[in-house]
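One structure is given below, encoded as C-alpha cells.
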Amino acid sequence: MVYDFSKIEIPKEADKVVLHTCCAPCSSAIIKALQSRGVEVIVFFYNPNIHPLEEYERRKGEIVRYAKSNGIPFFDGDYDTEQWFNYVKGYEDAPERGKRCVRCFELRLMRTADFAHSLGVRYFATTLASSRWKSLVQIEAAGRKAEAIYPDICFWHRNWRKDGLQELRQQIIAEEGFYNQTYCGCLFSRQGRESIVTE
C-alpha cells in the first residue's frame, strides 16, 4: 500500500526533531512519515514508568532494533524508576487517563525537552499522541509545560493517529514482527485499573 504523507504539515524550520518514543509499534509509522517529508528523526527513549524491568528491556530492544535497521540515532534516557514513582506519588489510585497519567506525561516530556535543548534541536514530539488510549488534551498540556522551560524549544503537537498513520502502523508491526504490548506500561495500568476518564 502506498501512503500519501503530504497532509502532514511540517512546522517552519523543523528539519530535525527529537522524538520521545514509548515503543516501536507507536513509533514506526511516525518515523516513516517524518523521514518521507525530509525530517531527520532522533529517537529518545525515556520511559521510567514501564514496569517491570523485563518489560522495559523488551520494549526498548524493539525500538533499538528498528532505529538501527533504519539508520536512526537512538538515545536512552535511563531507567530512573524512583524519580517516576516520586513524581506520581499521591496519584497511585487515579484511573487511566486521570491525573497520574498527566504527571507521567509531564515528567517524560520535560526530560525530552531538556534533551532536545542539550542537542540544540528546536522541535520535540512524542509518540504518545499516536495511541487511542491516551488523551491528546493531556499530552498537549504536558508538552506545552515542557517547552515553557526553554525559550528555544518547541513542542510539535499533532494527532499522530490521522492521515493513514494508523494503517501504516499496523502494516509495519506485521512486517517487523514487533512485540505489541497489552498495557500502557506502569505498575498501576498493569494491575488492571482500566476505568477511563473522558475529556
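Here's how to read the names in the C-alpha cells: chain A, B, ... by the order shown, residue numbers from 1 in each chain, ligand numbers from 1 in the order shown.
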
Write out as a count of residues only which residues come within 12 Å of Asp76 in chain A when counting only C-alpha atoms, dropping same-chain ones fewer than 3 positions away. 23

Might you pull out every residue within 12 Å of Arg103 in chain A, with only C-alpha atoms counted and same-chain residues fewer than 3 positions away left off, and present them as a PyMOL selection string? chain A and resi 49+83-92+94+96-100+106-110+138-139+141-143+145-146

From a DSSP calculation on the backbone, collect every residue of range 49-164 of chain A in alpha helix (DSSP H) and output the set as an MDAnalysis selection string. chainID A and resid 53:69 81:87 99:119 136:147

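Among the residues of chain A, backbone DSSP assigns strand (DSSP E) to Lys16, Val17, Val18, Leu19, His20, Glu40, Val41, Ile42, Val43, Phe44, Phe45, Phe74, Phe75, Asp76, Tyr123, Phe124, Ala125, Thr126, Cys154 and Phe155 of chain A.
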
Could you give me, as number ranges by chain, the residues within 9 Å of range 25-40 of chain A, counting only C-alpha atoms and dropping anything in the same chain fewer than 2 positions from it? A: 3-6, 8, 10, 14-23, 42-43, 62-63, 66-67, 72, 126-131, 160, 165-173, 178-181

Could you check how far CA of Ser118 in chain A sits from CA of Arg158 in chain A, in Å to one decimal? 23.1 Å

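Separating CA of Gly120 in chain A from CA of Glu13 in chain A is a distance of 12.9 Å.
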
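Residues in contact range of range 50-53 of chain A, defined as at most 7 Å between only C-alpha atoms, with sequence neighbours fewer than 4 positions away removed, read Glu57, Gly185, Cys186 and Leu187 of chain A.
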
Writing out the chosen residues with N, CA and C atoms as a CSV table (one decimal), in the first residue's frame:
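Saved file result26.csv follows:
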chain,number,residue,atom,x,y,z
A,57,GLU,N,12.9,-3.6,29.1
A,57,GLU,CA,14.0,-4.0,28.2
A,57,GLU,C,13.4,-4.6,26.9
A,185,GLY,N,2.0,0.5,30.5
A,185,GLY,CA,3.4,0.4,30.9
A,185,GLY,C,3.7,0.4,32.4
A,186,CYS,N,2.9,1.2,33.1
A,186,CYS,CA,3.2,1.4,34.5
A,186,CYS,C,2.6,0.3,35.4
A,187,LEU,N,3.1,0.1,36.6
A,187,LEU,CA,2.6,-0.9,37.5
A,187,LEU,C,1.1,-0.8,37.7

From CA of Glu147 in chain A to CA of Pro11 in chain A the spacing works out at 15.1 Å

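Among the candidate residues A:Met1, A:Arg122, A:Ile149, A:Val102, the one lying nearest to Gly164 in chain A is A:Met1, with distances computed using only C-alpha atoms.
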